[in-house]
Amino acid sequence: MPSTDNFATRRRLTYVAVGFVTPALVTLIAVVVQAMSISDLPDEIAVHWNASGDADRWGSPWTMVIGAIVVGLVAIGISAVNYRQVRDGTPGGTFRWVSTASAALATATAVIFAGTLAAQTDGDTESPVALIGISVIAAFAVGAVGWYVQPADPPANPGRPAEPMGLAPGGRAVWLHTQTASRGILIVTGLVFVFASVSVLVAWTNGGSTSALWAAIAIVAVTIGAASTIVAYHVRVDSSGLTVRSIAGLPRWHVAADDIEDVSVVNIRAIGDFGGYGVRFARGRLGIVLRSGSAVSITRTSGRPLVITLDDAPTAAALLVAVSVRARQQ
């Protein structure tokens, strides 16, 4: 296994090359190609095509130039959001995906925007279906190279095995806890909910169509459902094992005491280890991730491992070990 310092340095440099340099370079090439084409273009060009392949919207050639620049900056911005964590050495395979996606996004849009202008220098306004195919191939190629040059993260830290809680023979214990998300996640979730609610209110008060109103209501319903998976969970550890359910009641999980093979206390980085918050799947693990920090990792005799972030992870883990040992002895 490479040294930690060498790995961190290589990951940081390749992350910059793939997530920053590549999007900037392909965007620059696209802008240069566009600038060379503009002198041979009319004041207005086709900028949109309908399902039949006919141009149905026209605009200035500079629209395509600005579009390429904006998407290139967005792609770089996506990588920039995570750079601080990469620089600080935060583990997690998600960062490799982020930089690769940034490079692929910038490449695809650069090909489309530059190709659209170049193709119309001879007056051709046919639908750029073939160009879209080329952009996908180019994005896949650049993404594949970007993925390959970045080092894979070493195996996740297994954490420290939990010691069983001392229980008297025949004694019982129950651990109850409601785990809430971090303040930042709660604020963002609240803002999304407010935005969705305002959308319904606007659709209703402005006399919009019935379909528009139902679409807005569906957005609110989806928002509430999504929020229930990232806002808070009720957690119970008792003689039956572990039970976790969202504040809405669903989703819900139960790990039976006799299905627990191993329990560890680990430190989780939400973005680095699982790529975000809520119910996540990463590295063969199911994660219920409401924040970064201490978590209980459960290896089951059946099914994938389960990781849940908890404020008092050591206590929950100790009781889980105790009840699992007792269940196997019965």
# chains A, B, ... in the order shown; residues from 1 in each chain; ligands from 1
call {"tool": "residues_around", "arguments": {"residues": "region 36-38 of chain A", "least_positions_apart": "5", "cutoff": "9 Å", "atoms": "only C-alpha atoms", "output": "list in words"}}
result
Val31, Pro61, Trp62, Ala114, Leu117, Ala118, Gln120 and Thr121 of chain A
call {"tool": "select_by_dssp", "arguments": {"residues": "region 166-321 of chain A", "states": "strand (DSSP E)", "output": "NGL selection string"}}
result
:A and (175-180 or 232-238 or 241-246 or 252-256 or 260-268 or 278-282 or 285-289 or 293-300 or 306-309)
call {"tool": "residues_around", "arguments": {"residues": "Gln179 (chain A)", "least_positions_apart": "5", "cutoff": "10 Å", "atoms": "only C-alpha atoms", "output": "PyMOL selection string"}}
result
chain A and resi 231-235+246-247+289-291+308-312
call {"tool": "write_last_selection", "arguments": {"atoms": "N, CA and C atoms", "output": "mmCIF file, in the first residue's frame"}}
result
data_model
loop_
_atom_site.group_PDB
_atom_site.id
_atom_site.type_symbol
_atom_site.label_atom_id
_atom_site.label_comp_id
_atom_site.auth_asym_id
_atom_site.auth_seq_id
_atom_site.Cartn_x
_atom_site.Cartn_y
_atom_site.Cartn_z
ATOM 1 N N VAL A 231 -33.500 14.154 7.388
ATOM 2 C CA VAL A 231 -33.706 15.082 8.499
ATOM 3 C C VAL A 231 -33.476 14.418 9.852
ATOM 4 N N ALA A 232 -34.135 13.294 10.110
ATOM 5 C CA ALA A 232 -34.003 12.657 11.422
ATOM 6 C C ALA A 232 -34.452 11.199 11.363
ATOM 7 N N TYR A 233 -33.862 10.388 12.256
ATOM 8 C CA TYR A 233 -34.222 8.979 12.382
ATOM 9 C C TYR A 233 -34.361 8.627 13.854
ATOM 10 N N HIS A 234 -35.341 7.755 14.146
ATOM 11 C CA HIS A 234 -35.485 7.193 15.477
ATOM 12 C C HIS A 234 -34.710 5.872 15.504
ATOM 13 N N VAL A 235 -33.862 5.706 16.515
ATOM 14 C CA VAL A 235 -33.018 4.518 16.613
ATOM 15 C C VAL A 235 -33.307 3.813 17.940
ATOM 16 N N SER A 246 -37.277 6.342 9.818
ATOM 17 C CA SER A 246 -37.288 7.781 9.621
ATOM 18 C C SER A 246 -38.424 8.398 10.415
ATOM 19 N N ILE A 247 -38.417 9.719 10.541
ATOM 20 C CA ILE A 247 -39.466 10.385 11.307
ATOM 21 C C ILE A 247 -40.828 10.229 10.643
ATOM 22 N N VAL A 289 -26.825 8.227 6.657
ATOM 23 C CA VAL A 289 -25.834 9.261 6.946
ATOM 24 C C VAL A 289 -26.529 10.610 7.103
ATOM 25 N N LEU A 290 -26.568 11.119 8.328
ATOM 26 C CA LEU A 290 -27.182 12.413 8.585
ATOM 27 C C LEU A 290 -26.159 13.513 8.820
ATOM 28 N N ARG A 291 -24.921 13.127 9.023
ATOM 29 C CA ARG A 291 -23.854 14.094 9.247
ATOM 30 C C ARG A 291 -22.532 13.350 9.191
ATOM 31 N N ILE A 308 -24.593 3.623 10.360
ATOM 32 C CA ILE A 308 -25.486 4.711 10.735
ATOM 33 C C ILE A 308 -24.741 5.682 11.635
ATOM 34 N N THR A 309 -24.804 6.967 11.285
ATOM 35 C CA THR A 309 -24.129 7.986 12.090
ATOM 36 C C THR A 309 -24.964 8.267 13.337
ATOM 37 N N LEU A 310 -24.286 8.282 14.490
ATOM 38 C CA LEU A 310 -24.966 8.488 15.770
ATOM 39 C C LEU A 310 -24.105 9.355 16.680
ATOM 40 N N ASP A 311 -24.756 10.202 17.472
ATOM 41 C CA ASP A 311 -24.018 11.053 18.402
ATOM 42 C C ASP A 311 -23.306 10.234 19.471
ATOM 43 N N ASP A 312 -23.943 9.186 19.947
ATOM 44 C CA ASP A 312 -23.355 8.348 20.996
ATOM 45 C C ASP A 312 -23.134 6.942 20.447
#
call {"tool": "closest_residue", "arguments": {"among": "A:Ala68, A:Ala152, A:Ala141, A:Val16", "to": "Ser99 (chain A)", "atoms": "only C-alpha atoms"}}
result
A:Val16
call {"tool": "closest_residue", "arguments": {"among": "A:Pro23, A:Gly133, A:Gly241, A:Gly170", "to": "Ser324 (chain A)", "atoms": "only C-alpha atoms"}}
result
A:Gly241
call {"tool": "residues_around", "arguments": {"residues": "Ile271 (chain A)", "least_positions_apart": "3", "cutoff": "10 Å", "atoms": "only C-alpha atoms", "output": "list of chain:residue names"}}
result
A:Asn82, A:Gln85, A:Thr90, A:Pro91, A:Gly92, A:Gly93, A:Thr94, A:Phe95, A:Ile268, A:Phe274, A:Gly275, A:Gly276, A:Tyr277, A:Val289, A:Arg291, A:Ser292
call {"tool": "residues_around", "arguments": {"residues": "Ile78 (chain A)", "least_positions_apart": "3", "cutoff": "12 Å", "atoms": "only C-alpha atoms", "output": "list in words"}}
result
Tyr15, Val16, Val18, Gly19, Phe20, Pro23, Val71, Gly72, Leu73, Val74, Ala75, Val81, Asn82, Tyr83, Phe95, Trp97, Val98, Ser99, Thr100, Ala101, Ser102, Ala103, Ala104, Leu105 and Ala106 of chain A
call {"tool": "write_last_selection", "arguments": {"atoms": "N, CA and C atoms", "output": "tab-separated table (two decimals), in the first residue's frame"}}
result
chain	number	residue	atom	x	y	z
A	15	TYR	N	-6.66	15.06	-9.07
A	15	TYR	CA	-7.98	15.68	-8.93
A	15	TYR	C	-8.00	17.05	-9.60
A	16	VAL	N	-6.94	17.83	-9.39
A	16	VAL	CA	-6.83	19.16	-10.01
A	16	VAL	C	-6.75	19.01	-11.53
A	18	VAL	N	-7.82	16.56	-13.48
A	18	VAL	CA	-9.05	16.06	-14.09
A	18	VAL	C	-10.21	17.02	-13.85
A	19	GLY	N	-10.36	17.52	-12.64
A	19	GLY	CA	-11.52	18.32	-12.28
A	19	GLY	C	-11.42	19.81	-12.58
A	20	PHE	N	-10.19	20.31	-12.75
A	20	PHE	CA	-10.01	21.74	-13.01
A	20	PHE	C	-9.39	22.00	-14.37
A	23	PRO	N	-11.59	20.49	-17.63
A	23	PRO	CA	-12.73	21.32	-18.03
A	23	PRO	C	-12.31	22.68	-18.59
A	71	VAL	N	-21.14	26.49	-18.88
A	71	VAL	CA	-21.10	25.07	-18.48
A	71	VAL	C	-19.69	24.68	-18.04
A	72	GLY	N	-18.67	25.23	-18.70
A	72	GLY	CA	-17.29	24.96	-18.29
A	72	GLY	C	-17.03	25.44	-16.87
A	73	LEU	N	-17.54	26.64	-16.55
A	73	LEU	CA	-17.37	27.17	-15.20
A	73	LEU	C	-18.15	26.35	-14.19
A	74	VAL	N	-19.34	25.88	-14.57
A	74	VAL	CA	-20.13	25.02	-13.67
A	74	VAL	C	-19.38	23.73	-13.37
A	75	ALA	N	-18.79	23.14	-14.42
A	75	ALA	CA	-18.04	21.89	-14.23
A	75	ALA	C	-16.87	22.11	-13.28
A	81	VAL	N	-16.11	22.65	-5.18
A	81	VAL	CA	-16.87	22.45	-3.94
A	81	VAL	C	-16.19	21.43	-3.04
A	82	ASN	N	-15.56	20.42	-3.65
A	82	ASN	CA	-14.96	19.33	-2.87
A	82	ASN	C	-13.45	19.46	-2.70
A	83	TYR	N	-12.84	20.49	-3.31
A	83	TYR	CA	-11.38	20.53	-3.32
A	83	TYR	C	-10.79	20.66	-1.92
A	95	PHE	N	-14.84	11.53	-4.37
A	95	PHE	CA	-14.10	12.63	-4.99
A	95	PHE	C	-13.61	12.25	-6.38
A	97	TRP	N	-15.17	10.30	-8.44
A	97	TRP	CA	-16.34	10.40	-9.30
A	97	TRP	C	-16.63	11.86	-9.65
A	98	VAL	N	-16.48	12.75	-8.68
A	98	VAL	CA	-16.81	14.16	-8.89
A	98	VAL	C	-15.94	14.77	-9.98
A	99	SER	N	-14.62	14.61	-9.85
A	99	SER	CA	-13.72	15.20	-10.83
A	99	SER	C	-13.92	14.57	-12.21
A	100	THR	N	-14.17	13.26	-12.25
A	100	THR	CA	-14.41	12.59	-13.52
A	100	THR	C	-15.68	13.13	-14.18
A	101	ALA	N	-16.73	13.30	-13.39
A	101	ALA	CA	-17.98	13.83	-13.92
A	101	ALA	C	-17.80	15.26	-14.42
A	102	SER	N	-17.00	16.05	-13.73
A	102	SER	CA	-16.75	17.43	-14.16
A	102	SER	C	-16.08	17.46	-15.53
A	103	ALA	N	-15.06	16.62	-15.70
A	103	ALA	CA	-14.35	16.57	-16.97
A	103	ALA	C	-15.26	16.08	-18.10
A	104	ALA	N	-16.07	15.06	-17.82
A	104	ALA	CA	-16.96	14.51	-18.84
A	104	ALA	C	-18.04	15.53	-19.22
A	105	LEU	N	-18.60	16.23	-18.24
A	105	LEU	CA	-19.63	17.23	-18.50
A	105	LEU	C	-19.09	18.34	-19.39
A	106	ALA	N	-17.93	18.87	-19.03
A	106	ALA	CA	-17.34	19.96	-19.81
A	106	ALA	C	-17.03	19.51	-21.24
call {"tool": "atom_distance", "arguments": {"atom1": "CA of Val325 (chain A)", "atom2": "CA of Pro251 (chain A)"}}
result
27.3 Å
call {"tool": "residues_around", "arguments": {"residues": "Ala30 (chain A)", "least_positions_apart": "3", "cutoff": "8 Å", "atoms": "only C-alpha atoms", "output": "MDAnalysis selection string"}}
result
chainID A and resid 26:27 33:34 68 110:111 113:114
call {"tool": "write_last_selection", "arguments": {"atoms": "N, CA, C and O atoms", "output": "tab-separated table (two decimals), in the first residue's frame"}}
result
chain	number	residue	atom	x	y	z
A	26	VAL	N	-10.80	22.02	-22.28
A	26	VAL	CA	-11.76	21.69	-23.34
A	26	VAL	C	-12.69	22.88	-23.60
A	26	VAL	O	-13.12	23.12	-24.74
A	27	THR	N	-12.98	23.66	-22.56
A	27	THR	CA	-13.81	24.86	-22.76
A	27	THR	C	-13.05	25.90	-23.58
A	27	THR	O	-13.63	26.54	-24.47
A	33	VAL	N	-12.57	27.46	-31.19
A	33	VAL	CA	-13.24	26.96	-32.40
A	33	VAL	C	-14.44	27.84	-32.73
A	33	VAL	O	-14.69	28.18	-33.89
A	34	GLN	N	-15.20	28.22	-31.73
A	34	GLN	CA	-16.36	29.06	-31.95
A	34	GLN	C	-15.96	30.44	-32.48
A	34	GLN	O	-16.60	30.99	-33.38
A	68	ALA	N	-21.06	27.60	-23.66
A	68	ALA	CA	-19.87	26.77	-23.44
A	68	ALA	C	-19.09	27.26	-22.23
A	68	ALA	O	-18.61	26.46	-21.41
A	110	ALA	N	-18.77	21.05	-24.53
A	110	ALA	CA	-17.83	21.76	-25.41
A	110	ALA	C	-17.98	21.26	-26.84
A	110	ALA	O	-17.99	22.04	-27.80
A	111	VAL	N	-18.10	19.94	-27.01
A	111	VAL	CA	-18.27	19.36	-28.35
A	111	VAL	C	-19.58	19.84	-28.97
A	111	VAL	O	-19.63	20.22	-30.15
A	113	PHE	N	-21.51	22.57	-28.21
A	113	PHE	CA	-21.57	24.01	-28.50
A	113	PHE	C	-20.63	24.41	-29.63
A	113	PHE	O	-21.01	25.20	-30.51
A	114	ALA	N	-19.43	23.86	-29.63
A	114	ALA	CA	-18.49	24.21	-30.70
A	114	ALA	C	-18.92	23.60	-32.02
A	114	ALA	O	-18.87	24.25	-33.07
call {"tool": "residues_around", "arguments": {"residues": "Ser60 (chain A)", "least_positions_apart": "2", "cutoff": "8 Å", "atoms": "only C-alpha atoms", "output": "list of chain:residue names"}}
result
A:Asp43, A:Glu44, A:Ile45, A:Trp58, A:Trp62, A:Thr63, A:Met64
call {"tool": "atom_distance", "arguments": {"atom1": "CA of Ala248 (chain A)", "atom2": "CA of Gly190 (chain A)"}}
result
15.9 Å
call {"tool": "closest_residue", "arguments": {"among": "A:Ser294, A:Thr180, A:Gln150, A:Ser197", "to": "Arg11 (chain A)", "atoms": "only C-alpha atoms"}}
result
A:Gln150
call {"tool": "select_by_dssp", "arguments": {"residues": "region 163-303 of chain A", "states": "alpha helix (DSSP H)", "output": "VMD selection string"}}
result
chain A and resid 183 to 205 210 to 227 270 to 274
call {"tool": "write_last_selection", "arguments": {"atoms": "C-alpha atoms", "output": "PDB file, in the first residue's frame"}}
result
ATOM      1  CA  ARG A 183     -27.785  22.358  11.096  1.00  0.00           C
ATOM      2  CA  GLY A 184     -26.651  23.051   7.542  1.00  0.00           C
ATOM      3  CA  ILE A 185     -28.650  20.126   6.144  1.00  0.00           C
ATOM      4  CA  LEU A 186     -31.728  21.204   8.110  1.00  0.00           C
ATOM      5  CA  ILE A 187     -31.467  24.741   6.730  1.00  0.00           C
ATOM      6  CA  VAL A 188     -31.071  23.566   3.134  1.00  0.00           C
ATOM      7  CA  THR A 189     -33.958  21.125   3.503  1.00  0.00           C
ATOM      8  CA  GLY A 190     -36.133  23.869   4.937  1.00  0.00           C
ATOM      9  CA  LEU A 191     -35.309  26.204   2.061  1.00  0.00           C
ATOM     10  CA  VAL A 192     -36.167  23.529  -0.495  1.00  0.00           C
ATOM     11  CA  PHE A 193     -39.466  22.863   1.246  1.00  0.00           C
ATOM     12  CA  VAL A 194     -40.303  26.589   1.312  1.00  0.00           C
ATOM     13  CA  PHE A 195     -39.471  26.905  -2.385  1.00  0.00           C
ATOM     14  CA  ALA A 196     -41.678  23.915  -3.238  1.00  0.00           C
ATOM     15  CA  SER A 197     -44.541  25.287  -1.120  1.00  0.00           C
ATOM     16  CA  VAL A 198     -44.271  28.706  -2.753  1.00  0.00           C
ATOM     17  CA  SER A 199     -44.464  26.994  -6.151  1.00  0.00           C
ATOM     18  CA  VAL A 200     -47.792  25.427  -5.173  1.00  0.00           C
ATOM     19  CA  LEU A 201     -49.078  28.739  -3.822  1.00  0.00           C
ATOM     20  CA  VAL A 202     -48.102  30.617  -6.985  1.00  0.00           C
ATOM     21  CA  ALA A 203     -49.677  27.964  -9.226  1.00  0.00           C
ATOM     22  CA  TRP A 204     -52.902  28.143  -7.208  1.00  0.00           C
ATOM     23  CA  THR A 205     -53.223  31.927  -6.842  1.00  0.00           C
ATOM     24  CA  THR A 210     -54.799  21.906 -13.189  1.00  0.00           C
ATOM     25  CA  SER A 211     -51.816  19.952 -14.469  1.00  0.00           C
ATOM     26  CA  ALA A 212     -49.432  22.709 -13.330  1.00  0.00           C
ATOM     27  CA  LEU A 213     -51.031  22.738  -9.873  1.00  0.00           C
ATOM     28  CA  TRP A 214     -50.775  18.960  -9.508  1.00  0.00           C
ATOM     29  CA  ALA A 215     -47.178  19.082 -10.724  1.00  0.00           C
ATOM     30  CA  ALA A 216     -46.369  21.646  -8.009  1.00  0.00           C
ATOM     31  CA  ILE A 217     -48.130  19.489  -5.391  1.00  0.00           C
ATOM     32  CA  ALA A 218     -46.122  16.481  -6.571  1.00  0.00           C
ATOM     33  CA  ILE A 219     -42.933  18.495  -6.088  1.00  0.00           C
ATOM     34  CA  VAL A 220     -43.922  19.228  -2.486  1.00  0.00           C
ATOM     35  CA  ALA A 221     -44.770  15.563  -1.871  1.00  0.00           C
ATOM     36  CA  VAL A 222     -41.447  14.416  -3.274  1.00  0.00           C
ATOM     37  CA  THR A 223     -39.654  17.056  -1.209  1.00  0.00           C
ATOM     38  CA  ILE A 224     -41.333  15.879   1.985  1.00  0.00           C
ATOM     39  CA  GLY A 225     -40.524  12.256   1.169  1.00  0.00           C
ATOM     40  CA  ALA A 226     -36.889  13.064   0.432  1.00  0.00           C
ATOM     41  CA  ALA A 227     -36.620  15.231   3.553  1.00  0.00           C
ATOM     42  CA  ALA A 270     -20.564  12.072   4.612  1.00  0.00           C
ATOM     43  CA  ILE A 271     -19.305  13.373   1.262  1.00  0.00           C
ATOM     44  CA  GLY A 272     -16.043  11.465   1.124  1.00  0.00           C
ATOM     45  CA  ASP A 273     -17.321   8.064   2.231  1.00  0.00           C
ATOM     46  CA  PHE A 274     -20.890   8.047   0.939  1.00  0.00           C
TER      47      PHE A 274
END
call {"tool": "atom_distance", "arguments": {"atom1": "CA of Val70 (chain A)", "atom2": "CA of Asp88 (chain A)"}}
result
28.2 Å
call {"tool": "closest_residue", "arguments": {"among": "A:Val65, A:Ser302, A:Asp238, A:Ala313", "to": "Val32 (chain A)", "atoms": "only C-alpha atoms"}}
result
A:Val65
call {"tool": "closest_atom_pairs", "arguments": {"of": "region 225-252 of chain A", "to": "region 314-323 of chain A", "cutoff": "9 Å", "atoms": "only C-alpha atoms", "output": "Markdown table"}}
result
| residue | atom | partner | partner_atom | distance |
| --- | --- | --- | --- | --- |
| A:Arg236 | CA | A:Ala316 | CA | 8.8 |
| A:Val237 | CA | A:Leu320 | CA | 6.7 |
| A:Asp238 | CA | A:Val323 | CA | 7.2 |
| A:Ser239 | CA | A:Val323 | CA | 5.4 |
| A:Ser240 | CA | A:Val323 | CA | 7.6 |
| A:Gly241 | CA | A:Leu320 | CA | 6.6 |
| A:Leu242 | CA | A:Leu320 | CA | 7.3 |
call {"tool": "closest_residue", "arguments": {"among": "A:Leu41, A:Val149, A:Ala35, A:Leu306", "to": "Arg96 (chain A)", "atoms": "only C-alpha atoms"}}
result
A:Val149
call {"tool": "closest_residue", "arguments": {"among": "A:Leu25, A:Ala168, A:Ala295, A:Ile132", "to": "Ser264 (chain A)", "atoms": "only C-alpha atoms"}}
result
A:Ala295
call {"tool": "decode", "arguments": {"residues": "region 204-305 of chain A", "atoms": "C-alpha atoms", "output": "PDB file, in the first residue's frame"}}
result
ATOM      1  CA  TRP A 204     -52.902  28.143  -7.208  1.00  0.00           C
ATOM      2  CA  THR A 205     -53.223  31.927  -6.842  1.00  0.00           C
ATOM      3  CA  ASN A 206     -52.312  32.681 -10.465  1.00  0.00           C
ATOM      4  CA  GLY A 207     -55.037  30.446 -11.796  1.00  0.00           C
ATOM      5  CA  GLY A 208     -52.625  28.075 -13.463  1.00  0.00           C
ATOM      6  CA  SER A 209     -53.755  24.925 -15.203  1.00  0.00           C
ATOM      7  CA  THR A 210     -54.799  21.906 -13.189  1.00  0.00           C
ATOM      8  CA  SER A 211     -51.816  19.952 -14.469  1.00  0.00           C
ATOM      9  CA  ALA A 212     -49.432  22.709 -13.330  1.00  0.00           C
ATOM     10  CA  LEU A 213     -51.031  22.738  -9.873  1.00  0.00           C
ATOM     11  CA  TRP A 214     -50.775  18.960  -9.508  1.00  0.00           C
ATOM     12  CA  ALA A 215     -47.178  19.082 -10.724  1.00  0.00           C
ATOM     13  CA  ALA A 216     -46.369  21.646  -8.009  1.00  0.00           C
ATOM     14  CA  ILE A 217     -48.130  19.489  -5.391  1.00  0.00           C
ATOM     15  CA  ALA A 218     -46.122  16.481  -6.571  1.00  0.00           C
ATOM     16  CA  ILE A 219     -42.933  18.495  -6.088  1.00  0.00           C
ATOM     17  CA  VAL A 220     -43.922  19.228  -2.486  1.00  0.00           C
ATOM     18  CA  ALA A 221     -44.770  15.563  -1.871  1.00  0.00           C
ATOM     19  CA  VAL A 222     -41.447  14.416  -3.274  1.00  0.00           C
ATOM     20  CA  THR A 223     -39.654  17.056  -1.209  1.00  0.00           C
ATOM     21  CA  ILE A 224     -41.333  15.879   1.985  1.00  0.00           C
ATOM     22  CA  GLY A 225     -40.524  12.256   1.169  1.00  0.00           C
ATOM     23  CA  ALA A 226     -36.889  13.064   0.432  1.00  0.00           C
ATOM     24  CA  ALA A 227     -36.620  15.231   3.553  1.00  0.00           C
ATOM     25  CA  SER A 228     -37.790  12.365   5.734  1.00  0.00           C
ATOM     26  CA  THR A 229     -34.694  10.397   4.714  1.00  0.00           C
ATOM     27  CA  ILE A 230     -32.166  13.113   5.629  1.00  0.00           C
ATOM     28  CA  VAL A 231     -33.706  15.082   8.499  1.00  0.00           C
ATOM     29  CA  ALA A 232     -34.003  12.657  11.422  1.00  0.00           C
ATOM     30  CA  TYR A 233     -34.222   8.979  12.382  1.00  0.00           C
ATOM     31  CA  HIS A 234     -35.485   7.193  15.477  1.00  0.00           C
ATOM     32  CA  VAL A 235     -33.018   4.518  16.613  1.00  0.00           C
ATOM     33  CA  ARG A 236     -33.724   1.700  19.066  1.00  0.00           C
ATOM     34  CA  VAL A 237     -31.344  -0.947  20.360  1.00  0.00           C
ATOM     35  CA  ASP A 238     -32.798  -3.712  22.520  1.00  0.00           C
ATOM     36  CA  SER A 239     -32.729  -7.484  22.896  1.00  0.00           C
ATOM     37  CA  SER A 240     -34.220  -7.893  19.410  1.00  0.00           C
ATOM     38  CA  GLY A 241     -31.359  -5.976  17.770  1.00  0.00           C
ATOM     39  CA  LEU A 242     -31.294  -2.637  15.970  1.00  0.00           C
ATOM     40  CA  THR A 243     -34.357  -0.818  14.626  1.00  0.00           C
ATOM     41  CA  VAL A 244     -34.055   2.364  12.577  1.00  0.00           C
ATOM     42  CA  ARG A 245     -36.934   4.316  11.077  1.00  0.00           C
ATOM     43  CA  SER A 246     -37.288   7.781   9.621  1.00  0.00           C
ATOM     44  CA  ILE A 247     -39.466  10.385  11.307  1.00  0.00           C
ATOM     45  CA  ALA A 248     -42.096   9.643   8.657  1.00  0.00           C
ATOM     46  CA  GLY A 249     -42.138   5.951   9.626  1.00  0.00           C
ATOM     47  CA  LEU A 250     -40.613   4.844   6.346  1.00  0.00           C
ATOM     48  CA  PRO A 251     -38.047   3.817   5.341  1.00  0.00           C
ATOM     49  CA  ARG A 252     -37.414   1.391   8.167  1.00  0.00           C
ATOM     50  CA  TRP A 253     -34.722  -1.194   8.860  1.00  0.00           C
ATOM     51  CA  HIS A 254     -34.309  -3.902  11.450  1.00  0.00           C
ATOM     52  CA  VAL A 255     -31.180  -5.934  12.087  1.00  0.00           C
ATOM     53  CA  ALA A 256     -31.923  -8.941  14.276  1.00  0.00           C
ATOM     54  CA  ALA A 257     -29.551  -9.557  17.169  1.00  0.00           C
ATOM     55  CA  ASP A 258     -28.666 -13.049  15.915  1.00  0.00           C
ATOM     56  CA  ASP A 259     -27.884 -11.599  12.455  1.00  0.00           C
ATOM     57  CA  ILE A 260     -25.083  -9.384  13.803  1.00  0.00           C
ATOM     58  CA  GLU A 261     -21.623 -10.750  13.146  1.00  0.00           C
ATOM     59  CA  ASP A 262     -19.498  -7.758  14.103  1.00  0.00           C
ATOM     60  CA  VAL A 263     -19.949  -4.192  15.380  1.00  0.00           C
ATOM     61  CA  SER A 264     -17.439  -1.371  15.109  1.00  0.00           C
ATOM     62  CA  VAL A 265     -17.314   2.346  15.826  1.00  0.00           C
ATOM     63  CA  VAL A 266     -16.060   4.265  12.797  1.00  0.00           C
ATOM     64  CA  ASN A 267     -15.580   7.877  11.790  1.00  0.00           C
ATOM     65  CA  ILE A 268     -17.577   8.830   8.707  1.00  0.00           C
ATOM     66  CA  ARG A 269     -17.160  11.681   6.246  1.00  0.00           C
ATOM     67  CA  ALA A 270     -20.564  12.072   4.612  1.00  0.00           C
ATOM     68  CA  ILE A 271     -19.305  13.373   1.262  1.00  0.00           C
ATOM     69  CA  GLY A 272     -16.043  11.465   1.124  1.00  0.00           C
ATOM     70  CA  ASP A 273     -17.321   8.064   2.231  1.00  0.00           C
ATOM     71  CA  PHE A 274     -20.890   8.047   0.939  1.00  0.00           C
ATOM     72  CA  GLY A 275     -21.152  10.935  -1.508  1.00  0.00           C
ATOM     73  CA  GLY A 276     -23.815  12.797   0.437  1.00  0.00           C
ATOM     74  CA  TYR A 277     -26.488  12.578   3.085  1.00  0.00           C
ATOM     75  CA  GLY A 278     -29.529  10.410   3.677  1.00  0.00           C
ATOM     76  CA  VAL A 279     -29.815   6.786   2.614  1.00  0.00           C
ATOM     77  CA  ARG A 280     -26.676   6.000   0.627  1.00  0.00           C
ATOM     78  CA  PHE A 281     -24.924   3.005  -0.922  1.00  0.00           C
ATOM     79  CA  ALA A 282     -21.135   2.968  -1.206  1.00  0.00           C
ATOM     80  CA  ARG A 283     -18.442   0.303  -1.228  1.00  0.00           C
ATOM     81  CA  GLY A 284     -20.996  -2.407  -0.681  1.00  0.00           C
ATOM     82  CA  ARG A 285     -22.384  -0.719   2.424  1.00  0.00           C
ATOM     83  CA  LEU A 286     -25.779   0.721   3.201  1.00  0.00           C
ATOM     84  CA  GLY A 287     -25.360   4.046   4.958  1.00  0.00           C
ATOM     85  CA  ILE A 288     -27.873   6.093   6.928  1.00  0.00           C
ATOM     86  CA  VAL A 289     -25.834   9.261   6.946  1.00  0.00           C
ATOM     87  CA  LEU A 290     -27.182  12.413   8.585  1.00  0.00           C
ATOM     88  CA  ARG A 291     -23.854  14.094   9.247  1.00  0.00           C
ATOM     89  CA  SER A 292     -20.132  13.466   9.399  1.00  0.00           C
ATOM     90  CA  GLY A 293     -18.635  11.998  12.558  1.00  0.00           C
ATOM     91  CA  SER A 294     -18.942   8.885  14.692  1.00  0.00           C
ATOM     92  CA  ALA A 295     -21.034   6.007  13.412  1.00  0.00           C
ATOM     93  CA  VAL A 296     -21.897   2.391  14.150  1.00  0.00           C
ATOM     94  CA  SER A 297     -20.864  -0.107  11.488  1.00  0.00           C
ATOM     95  CA  ILE A 298     -22.659  -3.447  11.609  1.00  0.00           C
ATOM     96  CA  THR A 299     -21.501  -6.507   9.697  1.00  0.00           C
ATOM     97  CA  ARG A 300     -24.397  -8.877   9.194  1.00  0.00           C
ATOM     98  CA  THR A 301     -24.283 -12.609   8.632  1.00  0.00           C
ATOM     99  CA  SER A 302     -26.763 -11.974   5.811  1.00  0.00           C
ATOM    100  CA  GLY A 303     -27.057  -8.894   3.637  1.00  0.00           C
ATOM    101  CA  ARG A 304     -24.815  -5.885   3.172  1.00  0.00           C
ATOM    102  CA  PRO A 305     -23.118  -4.063   6.064  1.00  0.00           C
TER     103      PRO A 305
END
